[in-house]
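Chemist: Sending over a structure as structure tokens; questions will come in a sec.
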Amino acid sequence: MLAPTVEWQGETDGYLALLDQTLLPEKQLVLEHRELAGVIDSIKRLAVRGAPAIGVAAGYGMVVGVREAMATGQDFASAMDGTATLLHAARPTAVNLSWAVHRVHDRGRREPKLEALLAEARDIHKEDVALCLQIGEHGASLIRDGMRVLTHCNAGRLATSGDGTALAVFFAAHRQGRKFRVLADETRPLLQGSRLTALELAEEGIPVDVIADSAAAGLMARGEIDMVITGADRIAANGDVANKVGTYSVSLAAKAHGIPMYVAAPASTFDQAAASGKDIPIEDRDPDEVLNFGNQPVAAPGAGAKNPAFDLTPAENLAGLITDRGLISPVTREEIKALVFQDR
Ligand code: MRU
């Protein structure tokens, strides 16, 4: 049984507890953050990761940061601004981070007290749990008995505070008694697929096979993959999706083999300000993550590396988007506007 991905302990004098995902599956360590620097470090080094989980952690991070800044004599408004700026800069691609920070900041402008910030962060947390269940319900019927479904990275309980997004669909189909198999791309360089997705599915009794990322296209050609479902870090207004690097290649292979690919995400992952994928910032991470496998060097001394953490999948490669508000298929700007942006 895994500890909660993100949790707030206590009241406004409490702390943010994060399960350190860098150590999974070998070891469970819960980090206790009472200072903003610790929260930011956990987000940057992927101790907490996955777009919705980063959002929930950043919401609580506002409480930690504002409390700390006020203890040094800052007024509430500048403590909020400073904390928000630092959290925004922690990771650029997952829009849930800035969405959550804005939400808590807005609440603090209306009600300038720590209790209000914590209440808003708790609301974001509670809503995330419910949204995951709704995504699962809207996607479960896509999975039929006997299917072999590919996923990439980890869009599960470790990436949210509920059942996940892509994995929520698997958990819901499993609860409904459907028999299917998941293929989990290992997801180089940091192995979120083999370490985290495989762990979550195996814990739940859902059959899972880990594959090397480069095996996906060949398995599709052999007729051994029937569907693809992944999560997303940000979805542009036209349906282009930013997700873990490698998602784009999976989408190209799926399209070439006539295999439907779906992306599962809550409304908070859609960015109305990004007209298309070109407007989404892609995080470049430390080359050392590619040059090493854990602590073991795997490249020739002197070699450099490129390490984009995400890539862009064009909307036209997708059969649909599974959201908490329903299924969007086909993926068009109009359908997204009608379902996701109608209340913004
Ligand atoms: O770098 P990570 O591990 O934070 O990347 C996570 C992903 O790409 C997930 O697929 C995405 O955030 C969706 S999580 C429900």
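Residue numbering restarts at 1 in every chain; chains get A, B, ... in the order shown in the structure tokens, and ligands count up from 1 in that same order.
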At a cut-off of 9 Å, using only C-alpha atoms, what residues contact Leu339 (chain A)? Leave out same-chain residues fewer than 6 positions from it and give the result as a count of residues only.
Modeler: 4
Chemist: Please, which residues have at least one atom within 6 Å of an atom of ligand 1, using only C-alpha atoms and all ligand atoms, listed as a PyMOL selection string?
Modeler: chain A and resi 49-52+153-156+159-160+164-165+231-233+243-244
Chemist: For all heavy atoms, I'd like the residues from the last selection saved as a CSV table (one decimal), in the first residue's frame.
Modeler:
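Final file, result-v8.csv:
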chain,number,residue,atom,x,y,z
A,49,ARG,N,5.4,14.6,-8.9
A,49,ARG,CA,5.4,14.8,-10.3
A,49,ARG,C,4.0,14.4,-10.9
A,49,ARG,O,3.2,13.9,-10.1
A,49,ARG,CB,6.5,14.0,-11.0
A,49,ARG,CG,6.6,12.6,-10.4
A,49,ARG,CD,6.9,11.6,-11.4
A,49,ARG,NE,6.0,11.6,-12.5
A,49,ARG,CZ,4.8,11.0,-12.5
A,49,ARG,NH1,4.3,10.4,-11.5
A,49,ARG,NH2,4.1,11.0,-13.6
A,50,GLY,N,3.8,14.7,-12.2
A,50,GLY,CA,2.5,14.5,-12.8
A,50,GLY,C,1.7,15.8,-12.6
A,50,GLY,O,1.7,16.3,-11.5
A,51,ALA,N,1.1,16.2,-13.7
A,51,ALA,CA,0.5,17.6,-13.7
A,51,ALA,C,-0.4,17.8,-12.6
A,51,ALA,O,-0.3,18.8,-11.9
A,51,ALA,CB,-0.1,17.8,-15.1
A,52,PRO,N,-1.5,17.0,-12.4
A,52,PRO,CA,-2.4,17.4,-11.3
A,52,PRO,C,-1.8,17.3,-9.9
A,52,PRO,O,-2.0,18.2,-9.0
A,52,PRO,CB,-3.5,16.3,-11.4
A,52,PRO,CG,-3.4,15.9,-12.8
A,52,PRO,CD,-2.0,15.9,-13.2
A,153,CYS,N,4.6,6.9,-19.7
A,153,CYS,CA,4.8,7.6,-18.5
A,153,CYS,C,3.9,7.1,-17.3
A,153,CYS,O,3.5,6.0,-17.4
A,153,CYS,CB,4.7,9.1,-18.7
A,153,CYS,SG,5.4,10.1,-17.3
A,154,ASN,N,3.6,8.0,-16.4
A,154,ASN,CA,2.7,7.6,-15.3
A,154,ASN,C,1.6,8.7,-15.2
A,154,ASN,O,1.9,9.9,-14.9
A,154,ASN,CB,3.4,7.5,-14.0
A,154,ASN,CG,2.4,7.3,-12.8
A,154,ASN,OD1,2.0,8.2,-12.2
A,154,ASN,ND2,2.0,6.1,-12.6
A,155,ALA,N,0.4,8.3,-15.4
A,155,ALA,CA,-0.7,9.2,-15.3
A,155,ALA,C,-1.7,8.5,-14.3
A,155,ALA,O,-2.9,8.3,-14.6
A,155,ALA,CB,-1.4,9.5,-16.6
A,156,GLY,N,-1.2,8.2,-13.1
A,156,GLY,CA,-2.0,7.4,-12.2
A,156,GLY,C,-2.1,8.1,-10.9
A,156,GLY,O,-2.1,9.3,-10.7
A,159,ALA,N,0.4,10.5,-9.9
A,159,ALA,CA,0.5,11.7,-10.7
A,159,ALA,C,-0.7,12.7,-10.3
A,159,ALA,O,-0.8,13.8,-10.9
A,159,ALA,CB,0.5,11.4,-12.2
A,160,THR,N,-1.5,12.3,-9.4
A,160,THR,CA,-2.7,13.0,-9.0
A,160,THR,C,-2.9,12.8,-7.5
A,160,THR,O,-2.1,12.1,-6.9
A,160,THR,CB,-4.0,12.5,-9.8
A,160,THR,OG1,-4.2,11.2,-9.4
A,160,THR,CG2,-3.8,12.6,-11.3
A,164,GLY,N,-5.9,9.1,-10.8
A,164,GLY,CA,-5.1,9.3,-12.0
A,164,GLY,C,-6.0,9.8,-13.1
A,164,GLY,O,-7.2,10.1,-12.9
A,165,THR,N,-5.4,9.9,-14.3
A,165,THR,CA,-6.2,10.2,-15.5
A,165,THR,C,-6.3,9.0,-16.4
A,165,THR,O,-7.2,8.3,-16.4
A,165,THR,CB,-5.6,11.5,-16.1
A,165,THR,OG1,-4.2,11.2,-16.5
A,165,THR,CG2,-5.6,12.7,-15.2
A,231,GLY,N,-1.8,10.4,-20.4
A,231,GLY,CA,-2.2,11.6,-19.7
A,231,GLY,C,-1.7,12.8,-20.5
A,231,GLY,O,-1.2,12.7,-21.6
A,232,ALA,N,-1.8,14.0,-19.9
A,232,ALA,CA,-1.3,15.2,-20.5
A,232,ALA,C,-0.8,16.2,-19.5
A,232,ALA,O,-1.3,16.2,-18.3
A,232,ALA,CB,-2.4,15.9,-21.3
A,233,ASP,N,0.2,17.0,-19.9
A,233,ASP,CA,0.7,18.1,-19.0
A,233,ASP,C,0.0,19.4,-19.3
A,233,ASP,O,-0.1,20.3,-18.5
A,233,ASP,CB,2.2,18.2,-19.1
A,233,ASP,CG,2.8,17.1,-18.3
A,233,ASP,OD1,2.9,16.0,-18.8
A,233,ASP,OD2,3.1,17.3,-17.1
A,243,ASN,N,2.9,16.2,-23.5
A,243,ASN,CA,3.0,15.1,-22.5
A,243,ASN,C,4.4,14.6,-22.5
A,243,ASN,O,5.2,15.0,-23.3
A,243,ASN,CB,2.0,14.0,-22.8
A,243,ASN,CG,1.8,13.0,-21.6
A,243,ASN,OD1,1.7,13.4,-20.5
A,243,ASN,ND2,1.9,11.7,-21.9
A,244,LYS,N,4.7,13.7,-21.6
A,244,LYS,CA,6.0,13.1,-21.5
A,244,LYS,C,6.7,12.8,-22.8
A,244,LYS,O,6.1,12.2,-23.7
A,244,LYS,CB,6.0,11.9,-20.6
A,244,LYS,CG,7.2,11.1,-20.4
A,244,LYS,CD,8.3,12.0,-19.8
A,244,LYS,CE,7.9,12.7,-18.5
A,244,LYS,NZ,8.9,13.8,-18.1
Chemist: So that I can see what lies close to Thr22 (chain A), please list as a count of residues only the residues with an atom at most 12 Å from it, counting only C-alpha atoms and leaving out residues fewer than 2 positions away in the same chain.
Modeler: 26
Chemist: As a ChimeraX atom specification, please: all residues of region 264-303 of chain A that backbone DSSP puts in helix (DSSP H, G or I).
Modeler: /A:267-269,277-279,288-291
Chemist: Step one, run DSSP on the backbone; step two, keep only residues of region 56-303 of chain A assigned to strand (DSSP E); then write them as a count of residues only.
Modeler: 34
Chemist: Quick one: distance from CA of Val6 (chain A) to CA of Ser194 (chain A) in Å, one decimal?
Modeler: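 For CA of Val6 (chain A) relative to CA of Ser194 (chain A), the distance reads 21.1 Å.
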Chemist: Nearest to Ser276 (chain A): which of A:Pro297, A:Pro260, A:Pro314, A:Gly162 is it, counting only C-alpha atoms?
Modeler: A:Pro314
Chemist: Skip Gly10 (chain A) itself and residues of its chain fewer than 4 positions away, then list as a list in words all residues within 12 Å of it, counting only C-alpha atoms.
Modeler: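 Those residues are Gly14, Tyr15, Leu16, Ala17, Glu32, Arg34, Tyr60, Glu115, Leu118 and Arg122 of chain A.
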Chemist: Please provide as a VMD selection string all residues within 12 Å of Glu204 (chain A), with the sequence filter that same-chain residues fewer than 6 positions apart are discarded (counting only C-alpha atoms).
Modeler: chain A and resid 1 to 2 156 to 157 163 167 to 168 170 to 175 197 to 198
Chemist: Could those residues be written to a file, using all heavy atoms, as a compact mmCIF listing (two decimals), in the first residue's frame?
Modeler:
# COMPACT_ATOMS: atom_id res chain seq x y z
N MET A 1 0.85 -1.21 0.00
CA MET A 1 0.00 0.00 0.00
C MET A 1 0.89 1.26 0.00
O MET A 1 1.76 1.40 0.86
CB MET A 1 -0.87 -0.07 1.28
CG MET A 1 -1.91 0.98 1.42
SD MET A 1 -3.23 0.90 0.20
CE MET A 1 -4.24 2.24 0.76
N LEU A 2 0.65 2.14 -0.95
CA LEU A 2 1.47 3.35 -1.04
C LEU A 2 0.94 4.46 -0.13
O LEU A 2 -0.28 4.60 0.02
CB LEU A 2 1.47 3.87 -2.47
CG LEU A 2 2.28 3.07 -3.50
CD1 LEU A 2 1.98 3.55 -4.90
CD2 LEU A 2 3.77 3.17 -3.19
N GLY A 156 -1.19 8.16 -13.14
CA GLY A 156 -1.99 7.39 -12.19
C GLY A 156 -2.12 8.07 -10.85
O GLY A 156 -2.10 9.30 -10.75
N ARG A 157 -2.24 7.23 -9.81
CA ARG A 157 -2.44 7.75 -8.44
C ARG A 157 -1.23 8.55 -7.99
O ARG A 157 -1.35 9.44 -7.16
CB ARG A 157 -2.69 6.58 -7.50
CG ARG A 157 -4.04 5.93 -7.79
CD ARG A 157 -4.31 4.69 -6.99
NE ARG A 157 -5.66 4.23 -7.29
CZ ARG A 157 -6.06 2.97 -7.25
NH1 ARG A 157 -5.22 2.01 -6.92
NH2 ARG A 157 -7.30 2.65 -7.55
N ASP A 163 -7.38 8.79 -8.50
CA ASP A 163 -7.10 7.57 -9.25
C ASP A 163 -6.23 7.80 -10.49
O ASP A 163 -5.96 6.86 -11.23
CB ASP A 163 -8.43 6.96 -9.72
CG ASP A 163 -8.82 5.76 -8.87
OD1 ASP A 163 -8.07 5.44 -7.94
OD2 ASP A 163 -9.87 5.16 -9.16
N LEU A 167 -4.74 6.23 -16.01
CA LEU A 167 -4.89 5.02 -15.18
C LEU A 167 -6.25 4.96 -14.50
O LEU A 167 -6.73 3.88 -14.17
CB LEU A 167 -3.74 4.92 -14.15
CG LEU A 167 -2.55 4.06 -14.63
CD1 LEU A 167 -1.99 4.56 -15.94
CD2 LEU A 167 -1.48 3.94 -13.58
N ALA A 168 -6.90 6.12 -14.31
CA ALA A 168 -8.26 6.10 -13.75
C ALA A 168 -9.19 5.32 -14.67
O ALA A 168 -10.10 4.63 -14.21
CB ALA A 168 -8.78 7.53 -13.58
N PHE A 170 -8.26 2.77 -16.53
CA PHE A 170 -7.97 1.34 -16.30
C PHE A 170 -8.60 0.87 -14.99
O PHE A 170 -9.18 -0.20 -14.91
CB PHE A 170 -6.46 1.08 -16.25
CG PHE A 170 -5.73 1.46 -17.52
CD1 PHE A 170 -4.41 1.91 -17.47
CD2 PHE A 170 -6.34 1.37 -18.76
CE1 PHE A 170 -3.73 2.25 -18.63
CE2 PHE A 170 -5.67 1.71 -19.92
CZ PHE A 170 -4.36 2.16 -19.86
N PHE A 171 -8.45 1.69 -13.94
CA PHE A 171 -9.00 1.27 -12.64
C PHE A 171 -10.53 1.13 -12.72
O PHE A 171 -11.10 0.19 -12.17
CB PHE A 171 -8.63 2.29 -11.54
CG PHE A 171 -7.15 2.31 -11.21
CD1 PHE A 171 -6.47 3.51 -11.08
CD2 PHE A 171 -6.44 1.13 -11.04
CE1 PHE A 171 -5.12 3.54 -10.77
CE2 PHE A 171 -5.07 1.15 -10.73
CZ PHE A 171 -4.41 2.37 -10.61
N ALA A 172 -11.18 2.06 -13.43
CA ALA A 172 -12.66 2.00 -13.54
C ALA A 172 -13.08 0.78 -14.35
O ALA A 172 -14.01 0.06 -13.96
CB ALA A 172 -13.19 3.29 -14.18
N ALA A 173 -12.38 0.50 -15.46
CA ALA A 173 -12.73 -0.66 -16.29
C ALA A 173 -12.50 -1.95 -15.50
O ALA A 173 -13.30 -2.90 -15.58
CB ALA A 173 -11.89 -0.66 -17.57
N HIS A 174 -11.46 -1.97 -14.70
CA HIS A 174 -11.14 -3.14 -13.87
C HIS A 174 -12.24 -3.35 -12.82
O HIS A 174 -12.72 -4.46 -12.61
CB HIS A 174 -9.78 -2.90 -13.20
CG HIS A 174 -9.31 -4.01 -12.33
ND1 HIS A 174 -8.95 -5.24 -12.82
CD2 HIS A 174 -9.12 -4.07 -10.98
CE1 HIS A 174 -8.55 -6.02 -11.82
NE2 HIS A 174 -8.65 -5.32 -10.70
N ARG A 175 -12.68 -2.24 -12.20
CA ARG A 175 -13.77 -2.34 -11.21
C ARG A 175 -15.04 -2.87 -11.85
O ARG A 175 -15.84 -3.54 -11.22
CB ARG A 175 -14.05 -0.97 -10.57
CG ARG A 175 -13.05 -0.57 -9.50
CD ARG A 175 -13.57 0.58 -8.64
NE ARG A 175 -13.65 1.83 -9.38
CZ ARG A 175 -12.64 2.72 -9.50
NH1 ARG A 175 -11.49 2.48 -8.92
NH2 ARG A 175 -12.81 3.82 -10.20
N THR A 197 4.03 3.31 -13.01
CA THR A 197 2.80 2.78 -13.61
C THR A 197 2.69 1.29 -13.35
O THR A 197 1.63 0.79 -12.93
CB THR A 197 2.79 3.08 -15.13
OG1 THR A 197 2.74 4.50 -15.29
CG2 THR A 197 1.60 2.44 -15.83
N ALA A 198 3.77 0.56 -13.57
CA ALA A 198 3.73 -0.90 -13.35
C ALA A 198 3.44 -1.20 -11.88
O ALA A 198 2.69 -2.13 -11.57
CB ALA A 198 5.05 -1.52 -13.79
Chemist: Counting only C-alpha atoms, which residue out of A:Leu183, A:Ala217, A:Thr269, A:Thr230 sits closest to Ala100 (chain A)?
Modeler: A:Thr269
Chemist: Near Ala256 (chain A), within 10 Å and counting only C-alpha atoms, which residues show up once chain neighbours fewer than 6 positions away are dropped, as a list in words?
Modeler: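 Surrounding residues, per the criterion: Ala217, Met220, Ala221, Val250 and Asn317 of chain A.
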Chemist: Check the smallest atom-to-atom distance from each of A:Leu327, A:Ala90, A:Val101, A:Ala305 to Ala58 (chain A) using only C-alpha atoms, then report the winner.
Modeler: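 Closest to Ala58 (chain A) of all the choices is A:Val101.
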Chemist: What is the CA of Thr323 (chain A)-CA of His138 (chain A) distance in Å, reported with one decimal?
Modeler: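 Computed distance, CA of Thr323 (chain A) to CA of His138 (chain A), equals 7.3 Å.
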Chemist: Which residues, written as a VMD selection string, have at least one atom at most 10 Å from Ala130 (chain A), with only C-alpha atoms counted and residues fewer than 3 positions away on the same chain left out?
Modeler: chain A and resid 125 to 127 133 to 135 161 to 163 324
Chemist: Can you work out the spacing between CA of Arg188 (chain A) and CA of Glu224 (chain A) in Å, to one decimal?
Modeler: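 Computed distance, CA of Arg188 (chain A) to CA of Glu224 (chain A), equals 21.5 Å.
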Chemist: So, counting only C-alpha atoms, which residue among A:Glu283, A:Glu137, A:Asp145, A:Asp185 is closest to Ile322 (chain A)?
Modeler: A:Glu137
Chemist: Pick from A:Pro330, A:Gly177, A:Pro266, A:Pro281: nearest to Cys132 (chain A), with only C-alpha atoms counted?
Modeler: A:Pro266
Chemist: Quick one: of A:Ile282, A:Ala212, A:Val182, A:Val331, who's nearest to Asn307 (chain A), counting only C-alpha atoms?
Modeler: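 Closest to Asn307 (chain A) of all the choices is A:Ile282.
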